[in-house]
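K.L.:
First, the structure itself, so that you have it in front of you.
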Amino acid sequence: MAEGELHIFADQAALARGVAEHIADRAVAAIAARGRFTLALAGGSTPRPAYPRLAQPAFAQRIAWAHVHLFWGDERCVPPHHPDSNYRMAHEALLAHVPIPPANIHRMRGELPPEIAATAYAASLREVFEETSLPRFDLILLGLGEDGHTASLFPGGDALHEQTRWVVAHYVEKLAAWQLTLTPPVINAAAGICFVVAGADKAARLHEVRHGPYAQTHLPAQQDGSIGWLIAPQPENDLPQKRRGPDWQSGPRFDVKIRATQRSRDAL
């Protein structure tokens with residue numbers, strides 16, 4: 001039951017601005033507090049409009065890019081120039097337009113054999129994060145698939161049950177492709193998780209993920225970390241009317257724990 005803080009935007013353009021502002025806010029705060037900002041980007045069509053918005057001066061000039069480290073939550077096992085590459089999308093929409101040092105861009109090497117790529121990415125994470133147990137990202141962006149998947153964690157997949165490895169490679173029958181993905185322990189260890197969701201076709205699944213019984217094997221998006229939701233337009237069955245208002249256009253600021261997790265329910 002991944003409820004968390006919910007922010008609604010009138011349309012996808014407003015959503016893109018809200019995501020960009022949230023990233024900029026978190027970057028400024030993290031750099032001021034710890035000297036760096038670690039962000040895992042999401043692929044897919046929904047978060048993409050936020051990336052060129054983040055590259056615009058109003059947001060980009062707020063961020064000390066030399067102190068930003070960028071990662072990815074998942075990647076298709078393809079070369080970086082491939083049309084299906086999440087890295088390629090982010091590079092074209094964001095990275096080519098901001099002064100981030102190349103050494104601070106940590107892409108998943110989808111051109112390598114899948115298992116080798118997963119092992120290499122876990123090693124890359126260990127080089128950046130000092131934690132010995134799990135990396136703690138300042139922010140992880142995630143999307144929501146119509147089937148309830150997030151990152152490359154798909155319903156019924158073995159990756160959902162991984163508790164030891166930070167990154168896994170697995171073949172996804174639905175996509176007929178090998179995928180690389182961060183595992184649930186890494187995602188849930190993040191200081192902040194931001195789901196970005198758009199489209200009326202996601203409304204029913206969104207409601208099920210946020211308010212339905214905990215069933216992560218069926219709904220991988222039911223993560224247990226510090227979660228916020230940025231969505232557009234309003235799902236009629238998900239949002240109390242009192243949550244609408246002009247403040248949604250000023251940009252979201254949140255870092256909240258979800259109100260219930262599987263662990264807390266087991267303790268009851």
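Just remember, in the structure tokens the first chain shown is A, the second B, etc., residues are 1-based per chain, and ligands are 1-based in the order shown.
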Can you check which parts of segment 104-158 of chain A lie within 6 Å of segment 184-204 of chain A? Per residue, the shortest pair of atoms and distance in Å to one decimal, counting only C-alpha atoms, sorted by chain and number, as a Markdown table.
P.N.:
| residue | atom | partner | partner_atom | distance |
| --- | --- | --- | --- | --- |
| A:Arg136 | CA | A:Ala190 | CA | 4.7 |
| A:Phe137 | CA | A:Ala190 | CA | 4.6 |
| A:Asp138 | CA | A:Ala191 | CA | 5.0 |
| A:Leu139 | CA | A:Gly192 | CA | 4.7 |
| A:Ile140 | CA | A:Ile193 | CA | 4.9 |
| A:Leu141 | CA | A:Cys194 | CA | 4.9 |
| A:Leu142 | CA | A:Phe195 | CA | 4.7 |
| A:Gly143 | CA | A:Val196 | CA | 5.2 |
| A:Glu146 | CA | A:Lys202 | CA | 5.7 |
K.L.:
Take the residues from that selection and write them out as a PDB file, in the first residue's frame, keeping all heavy atoms.
P.N.:
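New file selection27.pdb:
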ATOM      1  N   ARG A 136      22.479   4.836  -0.549  1.00  0.00           N
ATOM      2  CA  ARG A 136      21.339   5.684  -0.166  1.00  0.00           C
ATOM      3  C   ARG A 136      21.273   6.868  -1.127  1.00  0.00           C
ATOM      4  O   ARG A 136      21.926   7.895  -0.928  1.00  0.00           O
ATOM      5  CB  ARG A 136      21.451   6.162   1.277  1.00  0.00           C
ATOM      6  CG  ARG A 136      20.236   6.964   1.761  1.00  0.00           C
ATOM      7  CD  ARG A 136      20.250   7.106   3.258  1.00  0.00           C
ATOM      8  NE  ARG A 136      19.206   7.978   3.777  1.00  0.00           N
ATOM      9  CZ  ARG A 136      17.938   7.603   3.976  1.00  0.00           C
ATOM     10  NH1 ARG A 136      17.568   6.365   3.677  1.00  0.00           N
ATOM     11  NH2 ARG A 136      17.056   8.454   4.455  1.00  0.00           N
ATOM     12  N   PHE A 137      20.489   6.704  -2.182  1.00  0.00           N
ATOM     13  CA  PHE A 137      20.289   7.784  -3.137  1.00  0.00           C
ATOM     14  C   PHE A 137      19.535   8.933  -2.472  1.00  0.00           C
ATOM     15  O   PHE A 137      18.649   8.707  -1.645  1.00  0.00           O
ATOM     16  CB  PHE A 137      19.481   7.302  -4.340  1.00  0.00           C
ATOM     17  CG  PHE A 137      20.250   6.450  -5.308  1.00  0.00           C
ATOM     18  CD1 PHE A 137      20.257   5.071  -5.197  1.00  0.00           C
ATOM     19  CD2 PHE A 137      20.962   7.034  -6.343  1.00  0.00           C
ATOM     20  CE1 PHE A 137      20.959   4.278  -6.094  1.00  0.00           C
ATOM     21  CE2 PHE A 137      21.667   6.260  -7.249  1.00  0.00           C
ATOM     22  CZ  PHE A 137      21.663   4.877  -7.121  1.00  0.00           C
ATOM     23  N   ASP A 138      19.870  10.153  -2.883  1.00  0.00           N
ATOM     24  CA  ASP A 138      19.063  11.282  -2.426  1.00  0.00           C
ATOM     25  C   ASP A 138      17.670  11.238  -3.042  1.00  0.00           C
ATOM     26  O   ASP A 138      16.688  11.603  -2.393  1.00  0.00           O
ATOM     27  CB  ASP A 138      19.751  12.606  -2.789  1.00  0.00           C
ATOM     28  CG  ASP A 138      21.016  12.816  -1.983  1.00  0.00           C
ATOM     29  OD1 ASP A 138      20.942  12.776  -0.736  1.00  0.00           O
ATOM     30  OD2 ASP A 138      22.085  13.002  -2.598  1.00  0.00           O
ATOM     31  N   LEU A 139      17.593  10.776  -4.291  1.00  0.00           N
ATOM     32  CA  LEU A 139      16.298  10.725  -4.963  1.00  0.00           C
ATOM     33  C   LEU A 139      16.342   9.679  -6.072  1.00  0.00           C
ATOM     34  O   LEU A 139      17.314   9.611  -6.830  1.00  0.00           O
ATOM     35  CB  LEU A 139      15.951  12.094  -5.563  1.00  0.00           C
ATOM     36  CG  LEU A 139      14.592  12.224  -6.266  1.00  0.00           C
ATOM     37  CD1 LEU A 139      13.443  11.996  -5.287  1.00  0.00           C
ATOM     38  CD2 LEU A 139      14.454  13.597  -6.916  1.00  0.00           C
ATOM     39  N   ILE A 140      15.296   8.873  -6.155  1.00  0.00           N
ATOM     40  CA  ILE A 140      15.109   7.937  -7.252  1.00  0.00           C
ATOM     41  C   ILE A 140      13.791   8.272  -7.934  1.00  0.00           C
ATOM     42  O   ILE A 140      12.741   8.331  -7.275  1.00  0.00           O
ATOM     43  CB  ILE A 140      15.098   6.475  -6.771  1.00  0.00           C
ATOM     44  CG1 ILE A 140      16.465   6.083  -6.205  1.00  0.00           C
ATOM     45  CG2 ILE A 140      14.716   5.535  -7.903  1.00  0.00           C
ATOM     46  CD1 ILE A 140      16.525   4.652  -5.682  1.00  0.00           C
ATOM     47  N   LEU A 141      13.844   8.530  -9.227  1.00  0.00           N
ATOM     48  CA  LEU A 141      12.630   8.740 -10.016  1.00  0.00           C
ATOM     49  C   LEU A 141      12.144   7.392 -10.537  1.00  0.00           C
ATOM     50  O   LEU A 141      12.938   6.578 -11.012  1.00  0.00           O
ATOM     51  CB  LEU A 141      12.898   9.670 -11.205  1.00  0.00           C
ATOM     52  CG  LEU A 141      13.312  11.104 -10.917  1.00  0.00           C
ATOM     53  CD1 LEU A 141      13.442  11.872 -12.235  1.00  0.00           C
ATOM     54  CD2 LEU A 141      12.321  11.804  -9.999  1.00  0.00           C
ATOM     55  N   LEU A 142      10.837   7.187 -10.477  1.00  0.00           N
ATOM     56  CA  LEU A 142      10.241   5.960 -10.970  1.00  0.00           C
ATOM     57  C   LEU A 142       8.984   6.274 -11.762  1.00  0.00           C
ATOM     58  O   LEU A 142       8.309   7.281 -11.505  1.00  0.00           O
ATOM     59  CB  LEU A 142       9.870   5.020  -9.808  1.00  0.00           C
ATOM     60  CG  LEU A 142      11.020   4.429  -8.991  1.00  0.00           C
ATOM     61  CD1 LEU A 142      10.472   3.683  -7.780  1.00  0.00           C
ATOM     62  CD2 LEU A 142      11.892   3.516  -9.841  1.00  0.00           C
ATOM     63  N   GLY A 143       8.661   5.417 -12.701  1.00  0.00           N
ATOM     64  CA  GLY A 143       7.389   5.492 -13.409  1.00  0.00           C
ATOM     65  C   GLY A 143       6.480   4.368 -12.951  1.00  0.00           C
ATOM     66  O   GLY A 143       6.833   3.547 -12.098  1.00  0.00           O
ATOM     67  N   GLU A 146       1.299   0.231 -16.878  1.00  0.00           N
ATOM     68  CA  GLU A 146      -0.105  -0.166 -16.805  1.00  0.00           C
ATOM     69  C   GLU A 146      -0.284  -1.498 -16.103  1.00  0.00           C
ATOM     70  O   GLU A 146      -1.351  -1.787 -15.557  1.00  0.00           O
ATOM     71  CB  GLU A 146      -0.701  -0.233 -18.221  1.00  0.00           C
ATOM     72  CG  GLU A 146      -0.821   1.124 -18.895  1.00  0.00           C
ATOM     73  CD  GLU A 146      -1.448   1.018 -20.268  1.00  0.00           C
ATOM     74  OE1 GLU A 146      -2.327   0.158 -20.466  1.00  0.00           O
ATOM     75  OE2 GLU A 146      -1.043   1.786 -21.159  1.00  0.00           O
TER      76      GLU A 146
END
K.L.:
Give me the residues near segment 32-48 of chain A as an NGL selection string, where near means some atom within 9 Å (using only C-alpha atoms) and where sequence neighbours in that chain fewer than 3 positions away do not count.
P.N.:
:A and (12 or 15-16 or 19 or 23 or 26-29 or 51-52 or 64-75 or 85-87 or 89-90 or 93 or 136-143 or 151 or 196-199)
K.L.:
Among the residues of segment 56-193 of chain A, find those DSSP assigns to strand (DSSP E or B) from the backbone and print them as an MDAnalysis selection string.
P.N.:
chainID A and resid 68:72 74:76 105 139:142 150 153 167:172 177:182 193
K.L.:
List as CSV every residue of segment 77-156 of chain A that is in contact with segment 165-183 of chain A, defined as an atom at most 9 Å from one of its atoms (using only C-alpha atoms), together with the nearest atom pair and the distance in Å rounded to one decimal, sorted by chain and then rising number.
P.N.:
residue,atom,partner,partner_atom,distance
A:Cys77,CA,A:Trp178,CA,5.5
A:Val78,CA,A:Trp178,CA,8.6
A:Met108,CA,A:Leu180,CA,7.6
A:Gly110,CA,A:Leu180,CA,7.6
A:Pro114,CA,A:Ala169,CA,5.5
A:Glu115,CA,A:Ala169,CA,5.6
A:Ile116,CA,A:Ala169,CA,8.7
A:Ala117,CA,A:Ala169,CA,7.7
A:Ala118,CA,A:Val168,CA,5.3
A:Thr119,CA,A:Val167,CA,7.1
A:Tyr121,CA,A:Val167,CA,6.9
A:Ala122,CA,A:Val167,CA,5.8
A:Leu125,CA,A:Trp166,CA,8.6
A:Leu134,CA,A:Trp166,CA,7.7
A:Pro135,CA,A:Trp166,CA,8.5
A:Ala151,CA,A:Thr181,CA,6.4
A:Ser152,CA,A:Thr181,CA,5.3
A:Leu153,CA,A:Thr181,CA,7.1
A:Phe154,CA,A:Val172,CA,7.8
K.L.:
Can you pull out the residues contacting Arg17 of chain A? Cut-off 8 Å, using only C-alpha atoms, and skip same-chain residues under 2 positions away; I want them as a PyMOL selection string.
P.N.:
chain A and resi 13-15+19-21+50+53-54+251
K.L.:
When DSSP is applied to the backbone of this structure, which of segment 23-256 of chain A are assigned helix (DSSP H, G or I)? Write them out as a JSON list (two decimals) with C-alpha atoms, in the first residue's frame.
P.N.:
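Result went into result36.json, see below:
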[["chain", "number", "residue", "atom", "x", "y", "z"],
["A", 23, "ILE", "CA", 14.63, 17.66, -8.51],
["A", 24, "ALA", "CA", 16.17, 21.13, -8.27],
["A", 25, "ASP", "CA", 14.90, 21.59, -4.71],
["A", 26, "ARG", "CA", 16.28, 18.23, -3.62],
["A", 27, "ALA", "CA", 19.61, 18.90, -5.35],
["A", 28, "VAL", "CA", 20.08, 22.26, -3.66],
["A", 29, "ALA", "CA", 19.23, 20.80, -0.24],
["A", 30, "ALA", "CA", 21.45, 17.73, -0.62],
["A", 31, "ILE", "CA", 24.47, 19.68, -1.86],
["A", 32, "ALA", "CA", 24.11, 22.18, 0.97],
["A", 33, "ALA", "CA", 23.86, 19.38, 3.54],
["A", 34, "ARG", "CA", 26.31, 16.78, 2.23],
["A", 50, "ALA", "CA", 10.81, 16.97, -17.22],
["A", 51, "TYR", "CA", 14.40, 16.55, -18.37],
["A", 52, "PRO", "CA", 14.56, 19.40, -20.92],
["A", 53, "ARG", "CA", 12.61, 21.52, -18.44],
["A", 54, "LEU", "CA", 15.29, 20.79, -15.83],
["A", 55, "ALA", "CA", 17.92, 21.90, -18.37],
["A", 57, "PRO", "CA", 18.13, 28.17, -16.94],
["A", 58, "ALA", "CA", 15.39, 28.68, -14.33],
["A", 59, "PHE", "CA", 16.21, 25.27, -12.90],
["A", 60, "ALA", "CA", 19.65, 24.36, -14.22],
["A", 65, "TRP", "CA", 26.22, 20.29, -11.47],
["A", 66, "ALA", "CA", 29.81, 19.51, -10.50],
["A", 67, "HIS", "CA", 28.37, 18.03, -7.30],
["A", 86, "ASN", "CA", 17.26, 5.13, -21.34],
["A", 87, "TYR", "CA", 20.71, 6.70, -21.30],
["A", 88, "ARG", "CA", 20.27, 7.99, -24.84],
["A", 89, "MET", "CA", 16.94, 9.57, -23.94],
["A", 90, "ALA", "CA", 18.37, 11.31, -20.89],
["A", 91, "HIS", "CA", 21.46, 12.44, -22.79],
["A", 92, "GLU", "CA", 19.43, 14.02, -25.58],
["A", 93, "ALA", "CA", 16.89, 15.61, -23.24],
["A", 95, "LEU", "CA", 22.79, 15.72, -20.17],
["A", 96, "ALA", "CA", 23.85, 17.40, -23.40],
["A", 97, "HIS", "CA", 22.48, 20.70, -22.09],
["A", 102, "PRO", "CA", 31.29, 13.19, -17.60],
["A", 103, "ALA", "CA", 32.82, 11.35, -14.65],
["A", 104, "ASN", "CA", 29.62, 12.05, -12.68],
["A", 114, "PRO", "CA", 23.64, -8.74, -19.18],
["A", 115, "GLU", "CA", 25.15, -10.43, -16.10],
["A", 116, "ILE", "CA", 28.48, -8.67, -16.61],
["A", 117, "ALA", "CA", 26.68, -5.35, -16.99],
["A", 118, "ALA", "CA", 24.77, -5.90, -13.73],
["A", 119, "THR", "CA", 27.94, -6.76, -11.84],
["A", 120, "ALA", "CA", 29.76, -3.78, -13.32],
["A", 121, "TYR", "CA", 26.97, -1.39, -12.31],
["A", 122, "ALA", "CA", 26.93, -2.68, -8.75],
["A", 123, "ALA", "CA", 30.69, -2.05, -8.65],
["A", 124, "SER", "CA", 30.10, 1.48, -9.96],
["A", 125, "LEU", "CA", 27.62, 2.11, -7.17],
["A", 126, "ARG", "CA", 30.11, 0.92, -4.58],
["A", 127, "GLU", "CA", 32.70, 3.34, -5.91],
["A", 128, "VAL", "CA", 30.39, 6.30, -5.32],
["A", 158, "ASP", "CA", 12.44, -13.07, -9.83],
["A", 159, "ALA", "CA", 14.04, -9.64, -9.40],
["A", 160, "LEU", "CA", 11.24, -8.69, -6.98],
["A", 161, "HIS", "CA", 12.55, -11.19, -4.46],
["A", 184, "PRO", "CA", 13.91, -3.41, -4.27],
["A", 185, "PRO", "CA", 16.34, -3.10, -1.31],
["A", 186, "VAL", "CA", 18.27, -0.38, -3.14],
["A", 187, "ILE", "CA", 15.13, 1.47, -4.20],
["A", 188, "ASN", "CA", 13.63, 1.37, -0.70],
["A", 200, "ALA", "CA", -6.02, 8.39, -17.55],
["A", 201, "ASP", "CA", -5.11, 4.85, -18.59],
["A", 202, "LYS", "CA", -2.99, 4.56, -15.42],
["A", 203, "ALA", "CA", -5.72, 5.73, -13.01],
["A", 204, "ALA", "CA", -7.09, 2.32, -12.06],
["A", 205, "ARG", "CA", -3.63, 0.82, -11.55],
["A", 206, "LEU", "CA", -2.50, 3.88, -9.59],
["A", 207, "HIS", "CA", -5.45, 3.49, -7.23],
["A", 208, "GLU", "CA", -4.70, -0.21, -6.80],
["A", 209, "VAL", "CA", -1.03, 0.45, -6.04],
["A", 210, "ARG", "CA", -1.72, 3.23, -3.55],
["A", 211, "HIS", "CA", -4.82, 1.91, -1.81],
["A", 241, "GLN", "CA", -11.06, 17.22, -3.65],
["A", 242, "LYS", "CA", -9.54, 19.12, -0.73],
["A", 243, "ARG", "CA", -6.07, 18.41, -2.09],
["A", 246, "PRO", "CA", -3.10, 26.77, -6.45],
["A", 247, "ASP", "CA", -0.12, 25.48, -4.47],
["A", 248, "TRP", "CA", 0.17, 22.52, -6.83],
["A", 249, "GLN", "CA", 1.50, 24.92, -9.47],
["A", 250, "SER", "CA", 4.26, 26.21, -7.19]]
K.L.:
Would you work out the distance separating atom CA of Gly212 of chain A from atom CA of Ala232 of chain A, expressed in Å to one decimal?
P.N.:
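These atoms are spaced 20.2 Å apart.
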K.L.:
Separation of atom CA of Ala215 of chain A and atom CA of Asp147 of chain A, in Å?
P.N.:
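Between atom CA of Ala215 of chain A and atom CA of Asp147 of chain A the gap works out to 12.9 Å.
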K.L.:
Just the number, please: distance in Å from atom CA of Pro83 of chain A to atom CA of His106 of chain A, one decimal.
P.N.:
18.8 Å
